Each structure stands twice: as structure tokens, then as C-alpha cells.
$ cat my_file-v2.csv   # CSV, C-alpha atoms
chain,number,residue,atom,x,y,z
A,16,MET,CA,30.3,4.0,-60.2
A,17,GLY,CA,27.9,4.5,-57.5
A,18,SER,CA,25.4,2.3,-55.7
A,19,PRO,CA,23.9,-0.6,-57.5
A,20,LEU,CA,20.2,-0.6,-58.4
A,21,PRO,CA,18.1,-3.5,-57.3
A,22,SER,CA,17.5,-6.2,-59.9
A,23,GLU,CA,14.6,-5.9,-62.3
A,24,SER,CA,12.8,-8.7,-60.5
A,25,GLU,CA,13.2,-6.9,-57.1
A,26,LEU,CA,11.9,-3.7,-58.6
A,27,VAL,CA,8.9,-5.5,-60.2
A,28,GLU,CA,8.0,-7.1,-56.9
A,29,ARG,CA,8.6,-4.0,-54.8
A,30,TYR,CA,6.5,-1.6,-56.9
A,31,GLY,CA,4.0,-4.1,-58.4
A,32,VAL,CA,4.7,-3.0,-62.0
A,33,ALA,CA,5.4,-5.0,-65.2
A,34,ARG,CA,9.0,-5.9,-66.0
A,35,ASN,CA,8.7,-3.8,-69.2
A,36,THR,CA,7.9,-0.7,-67.0
A,37,VAL,CA,11.1,-1.3,-65.0
A,38,ARG,CA,13.1,-1.7,-68.2
A,39,ASN,CA,11.7,1.5,-69.7
A,40,ALA,CA,12.3,3.5,-66.5
A,41,VAL,CA,16.0,2.3,-66.2
A,42,ALA,CA,16.5,3.0,-69.9
A,43,HIS,CA,15.3,6.6,-69.4
A,44,LEU,CA,17.5,7.1,-66.4
A,45,ARG,CA,20.4,5.8,-68.5
A,46,GLU,CA,19.5,8.1,-71.4
A,47,TRP,CA,19.4,11.1,-69.0
A,48,GLY,CA,22.8,10.1,-67.5
A,49,TYR,CA,21.7,9.1,-64.0
A,50,VAL,CA,22.3,5.4,-64.4
A,51,GLU,CA,25.1,3.4,-65.9
A,52,THR,CA,24.6,-0.2,-67.0
A,53,VAL,CA,27.4,-2.7,-67.1
A,54,ALA,CA,26.9,-5.9,-69.0
A,55,LYS,CA,26.4,-8.9,-66.7
A,56,ARG,CA,26.9,-6.8,-63.6
A,57,GLY,CA,23.8,-4.6,-63.4
A,58,SER,CA,22.9,-1.0,-63.3
A,59,TYR,CA,24.5,1.6,-61.0
A,60,VAL,CA,23.7,5.1,-60.0
A,61,ARG,CA,26.3,7.4,-61.6
A,62,GLN,CA,28.5,9.4,-59.2
A,63,ARG,CA,27.4,13.0,-58.6
A,64,GLY,CA,29.4,15.4,-60.6
A,65,SER,CA,29.8,13.1,-63.6
A,66,GLN,CA,29.5,15.1,-66.8
A,67,SER,CA,26.6,13.0,-68.3
A,68,ALA,CA,24.4,13.4,-65.3
A,69,ASP,CA,25.3,17.1,-64.9
A,70,SER,CA,24.5,17.9,-68.5
A,71,ALA,CA,21.2,15.9,-68.4
A,72,ALA,CA,20.1,17.9,-65.3
A,73,ASP,CA,20.6,21.1,-67.2
A,74,ASP,CA,18.2,20.1,-69.9
$ encode --input "my_file-v2.csv" --output "C-alpha cells"
Amino acid sequence: MGSPLPSESELVERYGVARNTVRNAVAHLREWGYVETVAKRGSYVRQRGSQSADSAADD
């Protein structure tokens, strides 16, 4: 696992967007393989070279 993403509330405050916008953005990043979410721990940037992120970048 890589670096942790800021919390939803931090991202909402930092970028002045709705919480739903943050959730959708993180969901897309997870779907594309750039972010991994761990229950009760948060979301993390996937390590470079991980298969999911590499295959998503090829699409």
C-alpha cells in the first residue's frame, strides 16, 4: 500500500466540493486501480507497478 488519501471531510473542505463528489471521485480512482480502500482504515494510493493500476493505465 502507498500513501493514505486525506479523509473525505478534509477533501471536501480543501476543494470546496460536496461529499458525494469526493466519494464518486475516489470510487472512480478505485475502479481504475489507482486507489485501494481498506475497511475502517481509509483509502490509499496503490503502489506503482501494481497490476491493477498498470492495466487501467493501458485502457
$ atom_distance --input "my_file-v2.csv" --atom1 "CA of Arg34 in chain A" --atom2 "CA of Arg56 in chain A"
18.1 Å
$ atom_distance --input "my_file-v2.csv" --atom1 "CA of Gly48 in chain A" --atom2 "CA of Arg61 in chain A"
7.4 Å
$ closest_residue --input "my_file-v2.csv" --among "A:Val41, A:Ser24, A:Arg29, A:Asn35" --to "Ser58 in chain A" --atoms "only C-alpha atoms"
A:Val41
$ atom_distance --input "my_file-v2.csv" --atom1 "CA of Arg45 in chain A" --atom2 "CA of Val60 in chain A"
9.1 Å
$ closest_residue --input "my_file-v2.csv" --among "A:Gly17, A:Arg63, A:Glu28, A:Glu23" --to "Ala40 in chain A" --atoms "all atoms listed in the file"
A:Glu23
$ residues_near_point --input "my_file-v2.csv" --point "(20.7, 0.8, -61.1)" --cutoff "8 Å" --atoms "only C-alpha atoms" --output "VMD selection string"
chain A and resid 18 to 22 41 50 to 52 57 to 60
$ write_last_selection --input "my_file-v2.csv" --atoms "C-alpha atoms" --output "CSV table (one decimal), in the coordinates of the input"
chain,number,residue,atom,x,y,z
A,18,SER,CA,25.4,2.3,-55.7
A,19,PRO,CA,23.9,-0.6,-57.5
A,20,LEU,CA,20.2,-0.6,-58.4
A,21,PRO,CA,18.1,-3.5,-57.3
A,22,SER,CA,17.5,-6.2,-59.9
A,41,VAL,CA,16.0,2.3,-66.2
A,50,VAL,CA,22.3,5.4,-64.4
A,51,GLU,CA,25.1,3.4,-65.9
A,52,THR,CA,24.6,-0.2,-67.0
A,57,GLY,CA,23.8,-4.6,-63.4
A,58,SER,CA,22.9,-1.0,-63.3
A,59,TYR,CA,24.5,1.6,-61.0
A,60,VAL,CA,23.7,5.1,-60.0
$ decode --input "my_file-v2.csv" --residues "range 50-65 of chain A" --atoms "all heavy atoms" --output "CSV table (one decimal), in the first residue's frame"
chain,number,residue,atom,x,y,z
A,50,VAL,N,-6.4,3.5,-6.6
A,50,VAL,CA,-6.6,3.6,-5.1
A,50,VAL,C,-7.1,2.3,-4.6
A,50,VAL,O,-7.9,1.6,-5.3
A,50,VAL,CB,-7.6,4.8,-4.9
A,50,VAL,CG1,-8.1,4.8,-3.4
A,50,VAL,CG2,-7.0,6.1,-5.2
A,51,GLU,N,-6.7,2.0,-3.4
A,51,GLU,CA,-7.2,0.8,-2.7
A,51,GLU,C,-7.8,1.3,-1.4
A,51,GLU,O,-7.3,2.1,-0.7
A,51,GLU,CB,-6.0,-0.1,-2.4
A,51,GLU,CG,-6.4,-1.4,-1.7
A,51,GLU,CD,-5.1,-2.2,-1.5
A,51,GLU,OE1,-4.0,-1.9,-1.9
A,51,GLU,OE2,-5.3,-3.3,-0.8
A,52,THR,N,-9.0,0.8,-1.1
A,52,THR,CA,-9.7,1.2,0.1
A,52,THR,C,-9.8,0.0,1.1
A,52,THR,O,-10.1,-1.1,0.7
A,52,THR,CB,-11.2,1.6,-0.2
A,52,THR,OG1,-11.1,2.7,-1.1
A,52,THR,CG2,-11.9,2.0,1.0
A,53,VAL,N,-9.4,0.3,2.3
A,53,VAL,CA,-9.3,-0.8,3.3
A,53,VAL,C,-10.4,-0.4,4.4
A,53,VAL,O,-10.4,0.7,4.9
A,53,VAL,CB,-7.9,-0.8,4.0
A,53,VAL,CG1,-7.9,-1.9,5.1
A,53,VAL,CG2,-6.9,-1.1,3.0
A,54,ALA,N,-11.3,-1.3,4.7
A,54,ALA,CA,-12.4,-1.0,5.6
A,54,ALA,C,-11.8,-0.5,7.0
A,54,ALA,O,-10.9,-1.1,7.5
A,54,ALA,CB,-13.2,-2.3,5.9
A,55,LYS,N,-12.4,0.6,7.4
A,55,LYS,CA,-12.1,1.2,8.7
A,55,LYS,C,-10.7,1.7,8.8
A,55,LYS,O,-10.2,2.1,9.9
A,55,LYS,CB,-12.4,0.2,9.9
A,55,LYS,CG,-13.8,-0.2,10.0
A,55,LYS,CD,-14.1,-1.0,11.2
A,55,LYS,CE,-15.6,-1.3,11.2
A,55,LYS,NZ,-16.0,-2.0,12.4
A,56,ARG,N,-9.9,1.8,7.7
A,56,ARG,CA,-8.6,2.3,7.7
A,56,ARG,C,-8.4,3.5,6.7
A,56,ARG,O,-7.6,4.3,6.9
A,56,ARG,CB,-7.6,1.2,7.4
A,56,ARG,CG,-7.5,0.2,8.5
A,56,ARG,CD,-6.3,-0.7,8.4
A,56,ARG,NE,-5.1,0.1,8.5
A,56,ARG,CZ,-4.0,-0.3,8.0
A,56,ARG,NH1,-3.9,-1.4,7.3
A,56,ARG,NH2,-2.9,0.4,8.2
A,57,GLY,N,-9.2,3.5,5.6
A,57,GLY,CA,-9.2,4.6,4.7
A,57,GLY,C,-8.8,4.1,3.3
A,57,GLY,O,-8.7,2.9,3.0
A,58,SER,N,-8.5,5.1,2.5
A,58,SER,CA,-8.1,4.8,1.1
A,58,SER,C,-6.6,5.2,0.9
A,58,SER,O,-6.1,6.1,1.5
A,58,SER,CB,-8.9,5.6,0.1
A,58,SER,OG,-10.3,5.2,0.2
A,59,TYR,N,-5.9,4.4,0.1
A,59,TYR,CA,-4.5,4.5,-0.1
A,59,TYR,C,-4.2,4.5,-1.6
A,59,TYR,O,-4.8,3.7,-2.4
A,59,TYR,CB,-3.8,3.3,0.6
A,59,TYR,CG,-3.9,3.3,2.0
A,59,TYR,CD1,-5.0,2.7,2.6
A,59,TYR,CD2,-3.0,3.9,2.9
A,59,TYR,CE1,-5.2,2.8,4.0
A,59,TYR,CE2,-3.1,3.9,4.2
A,59,TYR,CZ,-4.3,3.4,4.8
A,59,TYR,OH,-4.4,3.4,6.2
A,60,VAL,N,-3.2,5.2,-2.0
A,60,VAL,CA,-2.7,5.2,-3.4
A,60,VAL,C,-2.0,3.8,-3.5
A,60,VAL,O,-1.2,3.4,-2.7
A,60,VAL,CB,-1.7,6.3,-3.6
A,60,VAL,CG1,-1.1,6.2,-5.0
A,60,VAL,CG2,-2.3,7.7,-3.4
A,61,ARG,N,-2.3,3.2,-4.7
A,61,ARG,CA,-1.7,1.9,-4.9
A,61,ARG,C,-0.3,2.1,-5.3
A,61,ARG,O,0.1,3.1,-6.0
A,61,ARG,CB,-2.4,1.1,-6.0
A,61,ARG,CG,-3.8,0.6,-5.6
A,61,ARG,CD,-4.5,-0.1,-6.6
A,61,ARG,NE,-3.8,-1.4,-6.9
A,61,ARG,CZ,-4.1,-2.6,-6.4
A,61,ARG,NH1,-5.1,-2.7,-5.5
A,61,ARG,NH2,-3.4,-3.6,-6.7
A,62,GLN,N,0.6,1.2,-5.0
A,62,GLN,CA,2.0,1.3,-5.3
A,62,GLN,C,2.2,1.2,-6.8
A,62,GLN,O,1.4,0.5,-7.5
A,62,GLN,CB,2.7,0.0,-4.8
A,62,GLN,CG,2.7,0.0,-3.2
A,62,GLN,CD,3.8,0.9,-2.6
A,62,GLN,OE1,4.8,1.1,-3.2
A,62,GLN,NE2,3.5,1.4,-1.4
A,63,ARG,N,3.1,2.0,-7.4
A,63,ARG,CA,3.4,1.9,-8.8
A,63,ARG,C,3.9,0.5,-9.1
A,63,ARG,O,4.5,-0.2,-8.4
A,63,ARG,CB,4.6,2.9,-9.1
A,63,ARG,CG,4.1,4.3,-9.1
A,63,ARG,CD,5.1,5.2,-9.6
A,63,ARG,NE,4.7,5.4,-11.0
A,63,ARG,CZ,5.3,6.1,-11.9
A,63,ARG,NH1,6.4,6.8,-11.5
A,63,ARG,NH2,4.9,6.3,-13.1
A,64,GLY,N,3.4,0.1,-10.3
A,64,GLY,CA,3.8,-1.3,-10.7
A,64,GLY,C,2.8,-2.3,-10.3
A,64,GLY,O,3.0,-3.5,-10.7
A,65,SER,N,1.8,-1.9,-9.6
A,65,SER,CA,0.8,-2.9,-9.2
A,65,SER,C,0.0,-3.2,-10.5
A,65,SER,O,-0.3,-2.4,-11.3
A,65,SER,CB,-0.2,-2.4,-8.1
A,65,SER,OG,-1.0,-1.4,-8.6
